>>> print(open('start15.txt').read())   # compact mmCIF, C-alpha atoms
# COMPACT_ATOMS: atom_id res chain seq x y z
CA MET O 28 30.33 -1.26 1.10
CA THR O 29 31.88 -4.58 0.25
CA ALA O 30 30.77 -6.45 -2.83
CA LYS O 31 29.01 -9.07 -0.73
CA LYS O 32 26.82 -6.39 0.82
CA TYR O 33 25.60 -5.33 -2.60
CA ILE O 34 24.60 -8.89 -3.34
CA GLN O 35 22.76 -9.52 -0.09
CA ALA O 36 21.17 -6.10 0.45
CA GLY O 37 20.37 -5.19 -3.13
CA GLN O 38 22.27 -1.91 -2.97
CA GLY O 39 23.79 -2.11 -6.42
CA LEU O 40 26.96 -3.45 -7.93
CA PRO O 41 29.52 -0.68 -8.36
CA ILE O 42 30.61 -0.09 -11.94
CA GLY O 43 34.26 -0.46 -10.93
CA LEU O 44 33.68 -4.06 -9.79
CA TRP O 45 31.54 -5.30 -12.65
CA GLY O 46 34.35 -5.93 -15.10
CA LYS O 47 36.36 -7.91 -12.55
CA GLY O 48 34.03 -10.83 -12.08
CA LYS O 49 30.88 -11.03 -14.17
CA SER O 50 30.59 -14.80 -13.86
CA ALA O 51 31.22 -14.74 -10.11
CA PHE O 52 28.61 -12.05 -9.64
CA ALA O 53 26.04 -13.92 -11.73
CA LEU O 54 26.65 -17.06 -9.71
CA SER O 55 26.34 -15.07 -6.48
CA CYS O 56 22.99 -13.63 -7.55
CA LEU O 57 21.69 -17.10 -8.43
CA LEU O 58 22.82 -18.57 -5.11
CA CYS O 59 21.34 -15.66 -3.20
CA PHE O 60 18.01 -16.03 -5.01
CA LEU O 61 17.85 -19.75 -4.22
CA PHE O 62 18.68 -19.06 -0.57
CA ILE O 63 15.89 -16.46 -0.33
CA CYS O 64 13.45 -18.94 -1.84
CA MET O 65 14.39 -21.47 0.82
CA TYR O 66 13.74 -18.81 3.46
CA GLY O 67 10.40 -18.00 1.86
CA ILE O 68 9.11 -21.57 2.05
CA ALA O 69 9.56 -21.54 5.81
CA SER O 70 8.41 -17.98 6.42
CA ALA O 71 5.21 -18.28 4.40
CA GLN O 72 3.88 -20.93 6.74
CA ALA O 73 4.74 -18.84 9.80
CA TYR O 74 3.12 -15.68 8.49
CA ALA O 75 0.01 -17.44 7.29
CA ALA O 76 -1.17 -18.06 10.84
CA SER O 77 -0.05 -14.69 12.21
CA ASP O 78 -2.47 -12.00 13.41
CA GLU O 79 -0.07 -9.08 13.53
CA THR O 80 -1.16 -5.48 13.72
CA PRO O 81 1.45 -3.49 11.84
CA PRO O 82 2.65 -0.17 13.17
CA ALA O 83 1.99 3.02 11.29
CA ILE O 84 5.18 3.95 9.46
CA LYS O 85 5.57 7.69 9.75
CA ILE O 86 6.34 9.60 6.56
CA ASP O 87 8.46 12.53 7.62
CA SER O 88 7.18 14.83 4.85
CA THR O 89 3.70 16.23 5.49
CA HIS O 90 3.21 16.93 1.78
CA THR O 91 3.68 13.39 0.49
CA LYS O 92 0.92 11.72 -1.47
CA ALA O 93 2.25 8.35 -0.31
CA ASN O 94 -0.26 7.50 2.40
CA ASP O 95 -0.92 3.92 1.34
CA SER O 96 -1.89 1.66 4.21
CA ILE O 97 0.34 -1.20 5.23
CA SER O 98 -2.30 -3.64 4.01
CA ARG O 99 -1.91 -2.38 0.44
CA GLN O 100 1.88 -2.64 0.53
CA ARG O 101 3.74 -5.84 -0.31
CA ASP O 102 6.96 -7.38 0.94
CA ILE O 103 8.86 -10.58 0.20
CA ASN O 104 6.76 -12.52 2.72
CA ASP O 105 3.56 -11.56 0.89
CA VAL O 106 5.10 -12.89 -2.31
CA PHE O 107 5.93 -16.23 -0.77
CA ALA O 108 2.53 -16.42 0.91
CA THR O 109 0.89 -15.93 -2.51
CA TRP O 110 3.11 -18.53 -4.14
CA PHE O 111 2.18 -21.10 -1.53
CA HIS O 112 -1.51 -20.10 -1.43
CA GLN O 113 -1.37 -18.79 2.12
CA GLN O 114 -3.16 -15.82 3.64
CA ARG O 115 -1.60 -13.14 5.84
CA SER O 116 -4.26 -11.67 8.12
CA TYR O 117 -4.20 -8.12 9.49
CA GLU O 118 -6.51 -6.06 11.57
CA LYS O 119 -7.93 -2.95 9.93
CA ASP O 120 -5.63 -0.01 9.38
CA THR O 121 -4.58 1.68 12.57
CA SER O 122 -2.71 4.88 13.27
CA ALA O 123 -1.35 3.60 16.60
CA LYS O 124 1.99 1.89 16.93
CA LYS O 125 2.00 -1.37 18.79
CA ALA O 126 4.64 -1.13 21.49
CA HIS O 127 6.90 -4.09 22.30
CA LYS O 128 5.84 -6.01 19.20
CA LEU O 129 8.93 -7.48 17.55
CA TYR O 130 9.13 -7.30 13.74
CA VAL O 131 11.85 -9.56 12.39
CA SER O 132 13.53 -9.40 8.98
CA LEU O 133 15.85 -12.14 7.75
CA ILE O 134 18.18 -11.32 4.85
CA PRO O 135 20.11 -14.48 3.92
CA GLY O 136 22.87 -14.51 1.38
CA ILE O 137 25.25 -16.81 -0.46
CA GLY O 138 27.72 -15.08 -2.71
CA TYR O 139 31.22 -14.11 -3.66
CA ALA O 140 33.35 -11.10 -2.82
CA GLU O 141 36.97 -10.37 -3.66
CA GLU O 142 38.10 -10.02 -0.04
CA ASN O 143 36.07 -13.00 1.25
CA GLY O 144 35.78 -15.58 -1.51
CA PHE O 145 32.47 -17.42 -1.33
CA PHE O 146 30.49 -16.65 1.81
CA ILE O 147 27.33 -17.51 3.68
CA THR O 148 25.56 -14.82 5.68
CA ALA O 149 22.24 -14.38 7.44
CA GLU O 150 21.48 -10.83 8.57
CA VAL O 151 18.69 -10.72 11.16
CA ILE O 152 17.07 -7.38 12.01
CA GLY O 153 14.66 -7.10 14.92
CA ALA O 154 12.68 -3.85 15.09
CA PHE O 155 10.24 -2.68 17.76
CA TYR O 156 8.78 0.37 19.49
CA THR O 157 8.97 0.93 23.23
CA SER O 158 5.83 3.09 23.28
CA ASN O 159 2.73 3.81 21.23
CA ASP O 160 3.54 7.50 20.89
CA LYS O 161 3.19 8.71 17.31
CA ASP O 162 6.68 10.26 17.42
CA ALA O 163 8.37 7.22 18.98
CA ASN O 164 11.66 6.25 17.35
CA ILE O 165 11.97 2.67 16.23
CA SER O 166 14.51 0.54 18.14
CA SER O 167 16.53 -2.15 16.40
CA ILE O 168 18.85 -5.08 16.98
CA THR O 169 20.95 -6.27 14.04
CA VAL O 170 22.95 -9.51 14.01
CA ALA O 171 24.82 -10.38 10.81
CA PRO O 172 27.13 -13.42 11.10
CA ASP O 173 29.30 -14.29 8.09
CA VAL O 174 31.44 -17.34 7.33
CA THR O 175 33.70 -17.13 4.29
CA GLN O 176 35.78 -19.33 2.03
CA LYS O 177 38.93 -17.54 3.23
CA LYS O 178 38.36 -18.83 6.78
CA GLN O 179 36.96 -15.53 8.04
CA ILE O 180 34.38 -15.41 10.80
CA ILE O 181 32.49 -12.15 11.26
CA LEU O 182 29.96 -11.65 14.07
CA PRO O 183 28.65 -8.08 14.55
CA ILE O 184 25.81 -7.22 16.94
CA VAL O 185 24.59 -3.63 16.62
CA THR O 186 21.74 -2.30 18.78
CA ASN O 187 19.95 1.03 19.05
CA ILE O 188 17.37 1.07 21.84
CA TRP O 189 15.11 4.06 22.58
CA THR O 190 13.16 4.32 25.84
CA PRO O 191 9.55 5.66 25.90
CA GLY O 192 9.30 9.32 25.00
CA ASN O 193 12.68 9.08 23.22
CA LYS O 194 14.21 10.14 26.56
CA LEU O 195 17.19 7.78 26.47
CA ASP O 196 19.05 6.13 23.62
CA PHE O 197 21.35 3.15 24.28
CA GLN O 198 23.68 2.32 21.40
CA SER O 199 25.92 -0.75 21.26
CA ASP O 200 28.35 -2.06 18.66
CA ILE O 201 29.85 -5.40 19.70
CA ARG O 202 31.68 -7.60 17.24
CA TYR O 203 34.21 -10.39 16.84
CA TYR O 204 36.32 -10.95 13.72
CA LEU O 205 38.63 -13.80 12.82
CA TYR O 206 39.88 -11.92 9.84
CA PRO O 207 42.56 -12.75 7.29
CA SER O 208 42.41 -9.45 5.39
CA ILE O 209 43.98 -7.57 2.51
CA THR O 210 45.30 -4.04 3.03
CA TYR O 211 47.04 -1.69 0.60
CA GLY O 212 49.04 0.75 2.68
CA LEU O 213 48.41 4.38 3.52
CA GLY O 214 46.90 7.23 1.51
CA GLY O 215 44.71 7.54 -1.54
CA ASN O 216 47.40 6.83 -4.15
CA THR O 217 47.88 3.12 -3.43
CA THR O 218 47.44 0.58 -6.24
CA PRO O 219 46.64 -3.16 -6.32
CA ALA O 220 50.41 -3.72 -6.53
CA ASP O 221 50.65 -2.45 -2.92
CA LEU O 222 48.68 -5.46 -1.65
CA ASP O 223 49.69 -6.34 1.93
CA PRO O 224 47.84 -9.28 3.61
CA ILE O 225 47.40 -8.90 7.38
CA ASN O 226 45.73 -11.56 9.53
CA TYR O 227 44.30 -10.87 12.98
CA GLN O 228 41.51 -11.43 15.45
CA PHE O 229 39.48 -8.44 16.50
CA ILE O 230 37.13 -7.55 19.34
CA ARG O 231 35.12 -4.31 19.41
CA VAL O 232 33.01 -3.10 22.31
CA TYR O 233 31.28 0.28 21.91
CA GLN O 234 28.59 1.37 24.35
CA GLN O 235 26.91 4.79 24.38
CA ALA O 236 24.23 6.14 26.72
CA LEU O 237 22.48 9.29 25.45
CA LYS O 238 19.88 11.47 27.19
CA LYS O 239 17.23 13.70 25.62
CA LEU O 240 18.32 17.37 25.76
CA ALA O 241 15.65 18.84 23.48
CA PRO O 242 13.20 17.52 20.88
CA ASP O 243 15.17 15.15 18.59
CA LEU O 244 18.44 16.12 20.33
CA VAL O 245 20.32 13.74 22.66
CA GLY O 246 23.77 13.81 24.20
CA GLY O 247 25.82 11.57 26.44
CA VAL O 248 28.96 9.57 27.12
CA GLY O 249 30.32 6.15 26.28
CA TYR O 250 33.19 3.69 26.37
CA ASN O 251 34.94 2.34 23.25
CA LEU O 252 37.41 -0.52 22.80
CA ASP O 253 39.09 -1.75 19.61
CA TYR O 254 41.40 -4.69 20.35
CA HIS O 255 43.39 -6.56 17.68
CA TYR O 256 45.45 -9.62 18.59
CA ASP O 257 47.32 -12.46 16.86
CA ILE O 258 48.37 -9.88 14.26
CA GLN O 259 50.47 -11.42 11.50
CA GLU O 260 51.64 -9.73 8.34
CA THR O 261 52.35 -11.98 5.36
CA PRO O 262 54.25 -9.89 2.79
CA THR O 263 54.00 -10.96 -0.84
CA ALA O 264 56.87 -12.85 -2.45
CA SER O 265 57.90 -9.78 -4.47
CA ASP O 266 58.11 -7.71 -1.29
CA VAL O 267 60.31 -10.31 0.38
CA GLU O 268 62.60 -10.74 -2.63
CA GLY O 269 62.92 -7.01 -3.16
CA GLY O 270 63.42 -6.21 0.51
CA LYS O 271 60.49 -3.79 0.37
CA GLU O 272 59.29 -2.39 3.68
CA THR O 273 55.49 -2.16 3.83
CA ASP O 274 53.59 0.86 5.13
CA PHE O 275 52.52 -1.29 8.09
CA GLU O 276 56.16 -1.91 9.02
CA LYS O 277 57.15 1.71 8.46
CA TYR O 278 54.29 2.93 10.59
CA ASP O 279 55.24 0.71 13.53
CA GLY O 280 58.96 1.54 13.36
CA GLY O 281 60.12 -1.39 11.23
CA HIS O 282 58.40 -4.20 13.11
CA VAL O 283 54.92 -5.66 13.52
CA LEU O 284 53.30 -5.59 16.96
CA PRO O 285 51.33 -8.77 17.81
CA THR O 286 48.54 -6.79 19.51
CA SER O 287 47.10 -3.29 19.39
CA SER O 288 44.49 -1.54 21.46
CA SER O 289 42.50 1.68 21.36
CA SER O 290 40.56 2.17 24.56
CA GLY O 291 38.87 5.36 25.63
CA LEU O 292 35.90 7.46 26.64
CA SER O 293 33.64 9.40 24.30
CA LEU O 294 31.26 12.34 24.14
CA ASN O 295 28.36 12.16 21.72
CA LEU O 296 25.85 14.77 20.50
CA LEU O 297 23.11 13.51 18.19
CA TYR O 298 20.28 15.31 16.37
CA ASP O 299 17.96 12.90 14.58
CA THR O 300 14.48 13.59 13.17
CA ARG O 301 14.28 10.20 11.44
CA ARG O 302 11.68 7.90 12.97
CA ASN O 303 12.90 4.76 11.23
CA LEU O 304 16.67 4.40 10.89
CA LEU O 305 16.26 1.09 9.04
CA ASN O 306 14.82 2.89 6.01
CA PRO O 307 14.76 6.68 6.46
CA VAL O 308 12.24 8.54 4.34
CA ALA O 309 11.93 12.06 2.97
CA GLY O 310 12.23 14.89 5.47
CA GLY O 311 14.61 13.18 7.88
CA THR O 312 17.77 14.85 9.19
CA TYR O 313 20.66 13.18 11.02
CA ALA O 314 23.67 14.98 12.54
CA ASN O 315 26.11 13.25 14.90
CA ILE O 316 29.28 14.63 16.53
CA PHE O 317 31.35 11.92 18.24
CA LEU O 318 34.56 12.78 20.13
CA ARG O 319 36.77 10.02 21.54
CA GLN O 320 39.75 10.26 23.92
CA ASN O 321 41.91 7.13 23.94
CA LEU O 322 44.06 6.76 27.05
CA THR O 323 46.97 4.50 27.96
CA ALA O 324 45.51 4.49 31.49
CA LEU O 325 42.56 2.55 30.04
CA GLY O 326 44.74 0.14 28.05
CA SER O 327 45.24 2.06 24.82
CA ASN O 328 48.59 1.74 23.03
CA THR O 329 48.87 5.52 22.82
CA ASN O 330 47.07 8.63 23.95
CA TYR O 331 45.26 10.01 20.95
CA GLU O 332 41.94 11.63 20.02
CA SER O 333 39.50 10.97 17.20
CA ALA O 334 36.39 12.70 15.91
CA LEU O 335 33.52 11.42 13.80
CA LEU O 336 31.29 13.98 12.09
CA ASP O 337 28.29 12.37 10.41
CA PHE O 338 25.61 14.38 8.56
CA ARG O 339 22.70 13.00 6.50
CA LYS O 340 19.66 14.58 4.88
CA TYR O 341 16.71 13.02 3.04
CA PHE O 342 14.60 14.86 0.46
CA GLN O 343 11.41 14.00 -1.41
CA PHE O 344 12.17 14.10 -5.12
CA PRO O 345 10.21 14.73 -7.23
CA TYR O 346 7.69 16.57 -5.09
CA GLY O 347 4.70 14.43 -4.13
CA SER O 348 6.43 11.09 -4.82
CA ARG O 349 7.73 8.37 -2.51
CA ASN O 350 11.21 8.61 -4.00
CA VAL O 351 14.04 9.76 -1.76
CA LEU O 352 17.19 11.72 -2.58
CA ALA O 353 19.72 11.34 0.25
CA PHE O 354 23.04 13.04 0.95
CA TRP O 355 25.71 11.80 3.37
CA ASN O 356 28.80 13.66 4.63
CA TYR O 357 31.15 11.62 6.84
CA TYR O 358 34.45 12.76 8.36
CA TRP O 359 36.74 10.53 10.45
CA LEU O 360 39.67 12.50 11.88
CA THR O 361 42.46 11.63 14.34
CA PHE O 362 44.66 13.91 16.46
CA GLY O 363 47.51 13.72 18.95
CA GLY O 364 49.61 10.58 19.18
CA PRO O 365 49.63 7.97 16.41
CA PRO O 366 46.65 5.58 16.47
CA PRO O 367 47.37 1.86 15.99
CA TYR O 368 47.68 1.08 12.28
CA LEU O 369 44.57 -1.12 12.16
CA ASP O 370 42.53 1.57 13.95
CA LEU O 371 43.27 4.28 11.39
CA PRO O 372 40.28 5.51 9.34
CA SER O 373 39.68 3.05 6.51
CA THR O 374 37.21 2.22 3.75
CA ASN O 375 34.06 0.42 4.90
CA TRP O 376 34.89 0.48 8.62
CA ASP O 377 32.03 2.69 9.78
CA THR O 378 29.43 1.12 12.09
CA TYR O 379 27.18 -0.28 9.37
CA ALA O 380 29.97 -0.95 6.84
CA THR O 381 28.45 1.30 4.17
CA SER O 382 31.17 3.88 3.44
CA GLY O 383 33.25 3.57 0.30
CA ARG O 384 30.70 1.60 -1.72
CA GLY O 385 32.43 0.44 -4.87
CA TYR O 386 35.64 -0.62 -3.10
CA ILE O 387 36.50 -3.56 -0.89
CA GLN O 388 36.97 -3.13 2.84
CA ASP O 389 40.43 -1.78 3.82
CA ARG O 390 41.12 -0.63 0.26
CA PHE O 391 42.22 2.81 1.49
CA ARG O 392 43.55 3.91 4.86
CA GLY O 393 44.95 7.14 6.32
CA ARG O 394 45.22 9.40 9.34
CA ASP O 395 42.10 11.30 8.21
CA MET O 396 39.15 10.32 6.02
CA MET O 397 36.56 12.47 4.23
CA TYR O 398 33.56 10.93 2.52
CA LEU O 399 30.66 12.30 0.46
CA GLU O 400 27.77 10.30 -0.99
CA ALA O 401 24.53 10.94 -2.85
CA GLU O 402 21.88 8.25 -3.27
CA TYR O 403 18.54 8.21 -5.08
CA ARG O 404 16.00 5.57 -4.04
CA MET O 405 12.94 5.12 -6.25
CA ASN O 406 9.90 2.85 -6.24
CA LEU O 407 9.38 0.60 -9.24
CA SER O 408 6.07 -0.84 -8.09
CA LYS O 409 3.10 0.96 -6.54
CA ASN O 410 2.86 -1.61 -3.76
CA GLY O 411 6.41 -0.81 -2.59
CA LEU O 412 7.77 -4.32 -3.16
CA LEU O 413 10.36 -3.42 -5.79
CA GLY O 414 12.58 -0.39 -5.93
CA ALA O 415 15.84 0.75 -7.43
CA VAL O 416 18.81 2.75 -6.22
CA VAL O 417 21.59 4.72 -7.90
CA PHE O 418 24.47 6.29 -6.02
CA SER O 419 27.75 8.11 -6.37
CA ASN O 420 30.40 8.76 -3.77
CA LEU O 421 33.76 10.39 -3.25
CA GLN O 422 36.33 9.43 -0.61
CA ALA O 423 39.71 10.91 0.30
CA PHE O 424 42.47 9.92 2.75
CA SER O 425 45.53 11.66 4.09
CA GLN O 426 48.83 10.45 2.68
CA GLU O 427 51.61 8.47 4.37
CA TRP O 428 52.19 9.14 8.04
CA PRO O 429 53.19 11.65 9.34
CA ASN O 430 52.25 13.75 6.28
CA ASN O 431 48.52 14.40 6.61
CA SER O 432 47.87 16.18 3.32
CA ILE O 433 44.99 15.04 1.11
CA ASN O 434 45.66 15.26 -2.61
CA THR O 435 43.62 12.44 -4.17
CA LEU O 436 39.85 12.09 -4.65
CA ILE O 437 38.51 8.56 -5.16
CA PRO O 438 35.11 8.31 -6.93
CA ALA O 439 32.64 5.45 -7.40
CA VAL O 440 29.17 5.01 -8.89
CA GLY O 441 26.68 2.15 -8.81
CA ALA O 442 23.09 1.02 -9.21
CA GLY O 443 20.91 -1.85 -8.10
CA LEU O 444 17.51 -3.20 -7.08
CA ARG O 445 15.80 -2.95 -3.70
CA ILE O 446 13.32 -5.49 -2.34
CA LYS O 447 11.09 -4.78 0.64
CA MET O 448 11.91 -7.53 3.11
CA ASN O 449 9.47 -6.54 5.86
CA LYS O 450 6.74 -3.90 5.40
CA LEU O 451 5.96 -3.88 9.12
CA SER O 452 9.32 -2.32 9.96
CA ASN O 453 9.76 -0.80 6.47
CA THR O 454 12.99 -2.79 5.98
CA ALA O 455 14.22 -2.81 2.39
>>> encode(input="start15.txt", output="structure tokens")
Amino acid sequence: MTAKKYIQAGQGLPIGLWGKGKSAFALSCLLCFLFICMYGIASAQAYAASDETPPAIKIDSTHTKANDSISRQRDINDVFATWFHQQRSYEKDTSAKKAHKLYVSLIPGIGYAEENGFFITAEVIGAFYTSNDKDANISSITVAPDVTQKKQIILPIVTNIWTPGNKLDFQSDIRYYLYPSITYGLGGNTTPADLDPINYQFIRVYQQALKKLAPDLVGGVGYNLDYHYDIQETPTASDVEGGKETDFEKYDGGHVLPTSSSSGLSLNLLYDTRRNLLNPVAGGTYANIFLRQNLTALGSNTNYESALLDFRKYFQFPYGSRNVLAFWNYYWLTFGGPPPYLDLPSTNWDTYATSGRGYIQDRFRGRDMMYLEAEYRMNLSKNGLLGAVVFSNLQAFSQEWPNNSINTLIPAVGAGLRIKMNKLSNTA
């Protein structure tokens, strides 16, 4: 995950980044705190007059002692309501979920990241249930616009909508980037000296429709488009003076194409026992197999295939606590013809931009990517308001095209605080 995401989501500053910008990070934290306070002044008034009935948040482990009611939990809105002497009213505890009730979380941020400069962001998460069934999966809509000092505009809209009975799952990932970016070439052995700025605009349209095949198992088809245009490489002065050919130029036969496109159909098989993907709890299992066939007949630059294998498991640790130990295995593989350079597997380019925490986006790139992560989330307060997280991960990429060997492992570790933003949807 990029440094800015650690600042805004409280997921920990990686140790590898701390020494590079202590003052910038401190300033980012201060700005973010002030921005959240501004949000709280407005939200406290709105929540004071509300009469919401919160849904029951299912704990996937039947052995947990954590059966506190929502009314005894606290989130950031409760804090602001207390500060401004307001009262949030709730009906008595209920075990029924309230269908079609929208629970909104706003996560604003002002900060600094190496690849963005100073930035302003406002992530909005809308969560709701489409039925009152106790096993209903929560649906979500996430919009997270960013504007940065380096003239970047980022607008992702990610949705995951479940129909009643979990019979159908509609997944969308639509985004627009105006994105002056920094890349470093191919493989896991690149260094900061391999810096290669590439500017482009980017449109992504992913749409999947999945049908229930068995309890917690869905499968279906989709369409996927990655389109880059106005691509411009700006080699560093040392590269120009030394006549060095970048990996980008080598990959595309010595020249830079102004546009690139990957367009194709997909097959998707998903097993998911999590009831709340916004904040999975102990006992949840997630396994996704995603196969994509890109075709020139549909506008793709080349015919090639890709596969995403995504496996996650959540454990209660120690036994009887609300703490969660999570493991994530993620594999992004490509086959057949050469994918466009900017569509190759790369750090932090998964759907929710969480892979490769500890390194900036685009830091590593290759024909194939393997990623392993372990994360431990713990509660610091009994009311659930404050928590902490520690993590470690390991990523690896195949070397320069067309050699696909993997011979370098890239580790990272980090820690941070978690704040419950909305207890109704269990967003933290």
>>> residues_around(input="start15.txt", residues="region 162-167 of chain O", least_positions_apart="4", cutoff="7 Å", atoms="all atoms listed in the file", output="list in words")
Ile152, Gly153, Ala154, Phe155, Tyr156, Ser158, Thr186, Asn187, Ile188, Trp189, Gly192, Asn193, Arg302 and Asn303 of chain O
>>> closest_residue(input="start15.txt", among="O:Ala324, O:Ala415, O:Met396, O:Ala171", to="Asn434 (chain O)", atoms="only C-alpha atoms")
O:Met396
>>> residues_around(input="start15.txt", residues="Leu222 (chain O)", least_positions_apart="5", cutoff="7 Å", atoms="all atoms listed in the file", output="NGL selection string")
:O and (209-211)
>>> atom_distance(input="start15.txt", atom1="CA of Lys161 (chain O)", atom2="CA of Lys239 (chain O)")
17.1 Å
>>> residues_around(input="start15.txt", residues="Arg390 (chain O)", least_positions_apart="4", cutoff="12 Å", atoms="all atoms listed in the file", output="NGL selection string")
:O and (28-29 or 141-142 or 208-224 or 372-376 or 382-386 or 422-424 or 437)
>>> write_last_selection(input="start15.txt", atoms="C-alpha atoms", output="mmCIF file, in the coordinates of the input")
data_model
loop_
_atom_site.group_PDB
_atom_site.id
_atom_site.type_symbol
_atom_site.label_atom_id
_atom_site.label_comp_id
_atom_site.auth_asym_id
_atom_site.auth_seq_id
_atom_site.Cartn_x
_atom_site.Cartn_y
_atom_site.Cartn_z
ATOM 1 C CA MET O 28 30.330 -1.260 1.100
ATOM 2 C CA THR O 29 31.880 -4.580 0.250
ATOM 3 C CA GLU O 141 36.970 -10.370 -3.660
ATOM 4 C CA GLU O 142 38.100 -10.020 -0.040
ATOM 5 C CA SER O 208 42.410 -9.450 5.390
ATOM 6 C CA ILE O 209 43.980 -7.570 2.510
ATOM 7 C CA THR O 210 45.300 -4.040 3.030
ATOM 8 C CA TYR O 211 47.040 -1.690 0.600
ATOM 9 C CA GLY O 212 49.040 0.750 2.680
ATOM 10 C CA LEU O 213 48.410 4.380 3.520
ATOM 11 C CA GLY O 214 46.900 7.230 1.510
ATOM 12 C CA GLY O 215 44.710 7.540 -1.540
ATOM 13 C CA ASN O 216 47.400 6.830 -4.150
ATOM 14 C CA THR O 217 47.880 3.120 -3.430
ATOM 15 C CA THR O 218 47.440 0.580 -6.240
ATOM 16 C CA PRO O 219 46.640 -3.160 -6.320
ATOM 17 C CA ALA O 220 50.410 -3.720 -6.530
ATOM 18 C CA ASP O 221 50.650 -2.450 -2.920
ATOM 19 C CA LEU O 222 48.680 -5.460 -1.650
ATOM 20 C CA ASP O 223 49.690 -6.340 1.930
ATOM 21 C CA PRO O 224 47.840 -9.280 3.610
ATOM 22 C CA PRO O 372 40.280 5.510 9.340
ATOM 23 C CA SER O 373 39.680 3.050 6.510
ATOM 24 C CA THR O 374 37.210 2.220 3.750
ATOM 25 C CA ASN O 375 34.060 0.420 4.900
ATOM 26 C CA TRP O 376 34.890 0.480 8.620
ATOM 27 C CA SER O 382 31.170 3.880 3.440
ATOM 28 C CA GLY O 383 33.250 3.570 0.300
ATOM 29 C CA ARG O 384 30.700 1.600 -1.720
ATOM 30 C CA GLY O 385 32.430 0.440 -4.870
ATOM 31 C CA TYR O 386 35.640 -0.620 -3.100
ATOM 32 C CA GLN O 422 36.330 9.430 -0.610
ATOM 33 C CA ALA O 423 39.710 10.910 0.300
ATOM 34 C CA PHE O 424 42.470 9.920 2.750
ATOM 35 C CA ILE O 437 38.510 8.560 -5.160
#
>>> atom_distance(input="start15.txt", atom1="CA of Leu360 (chain O)", atom2="CA of Asp274 (chain O)")
19.4 Å
>>> closest_residue(input="start15.txt", among="O:Thr273, O:Thr261, O:Gln320, O:Gln235", to="Leu297 (chain O)", atoms="only C-alpha atoms")
O:Gln235
>>> residues_around(input="start15.txt", residues="Thr148 (chain O)", least_positions_apart="5", cutoff="8 Å", atoms="only C-alpha atoms", output="VMD selection string")
chain O and resid 135 to 137 171 to 174
>>> write_last_selection(input="start15.txt", atoms="C-alpha atoms", output="compact mmCIF listing (two decimals), keeping the file's coordinate frame")
# COMPACT_ATOMS: atom_id res chain seq x y z
CA PRO O 135 20.11 -14.48 3.92
CA GLY O 136 22.87 -14.51 1.38
CA ILE O 137 25.25 -16.81 -0.46
CA ALA O 171 24.82 -10.38 10.81
CA PRO O 172 27.13 -13.42 11.10
CA ASP O 173 29.30 -14.29 8.09
CA VAL O 174 31.44 -17.34 7.33
>>> closest_residue(input="start15.txt", among="O:Val245, O:Leu252, O:Ile258, O:Ile225", to="Asp299 (chain O)", atoms="all atoms listed in the file")
O:Val245
>>> closest_residue(input="start15.txt", among="O:Thr300, O:Asn295, O:Asn350, O:Asn143", to="Leu336 (chain O)", atoms="all atoms listed in the file")
O:Asn295
>>> residues_around(input="start15.txt", residues="Ile184 (chain O)", least_positions_apart="5", cutoff="10 Å", atoms="all atoms listed in the file", output="list in words")
Val151, Ile168, Thr169, Val170, Ala171, Pro172, Ser199, Asp200, Ile201, Arg202, Tyr203 and Val232 of chain O
>>> atom_distance(input="start15.txt", atom1="CA of Asp243 (chain O)", atom2="CA of Asn306 (chain O)")
17.6 Å
>>> closest_residue(input="start15.txt", among="O:Tyr403, O:Leu322, O:Thr329, O:Ser408", to="Gln343 (chain O)", atoms="all atoms listed in the file")
O:Tyr403
>>> closest_residue(input="start15.txt", among="O:Asn226, O:Asn356, O:Gln234, O:Ser432", to="Leu335 (chain O)", atoms="all atoms listed in the file")
O:Asn356
>>> residues_near_point(input="start15.txt", point="(46.1, 4.4, 8.9)", cutoff="10 Å", atoms="all atoms listed in the file", output="list in words")
Gly212, Leu213, Gly214, Asp274, Phe275, Tyr278, Thr361, Pro365, Pro366, Pro367, Tyr368, Leu369, Asp370, Leu371, Pro372, Ser373, Asp389, Phe391, Arg392, Gly393, Arg394, Asp395, Met396, Phe424, Ser425, Gln426, Glu427 and Trp428 of chain O
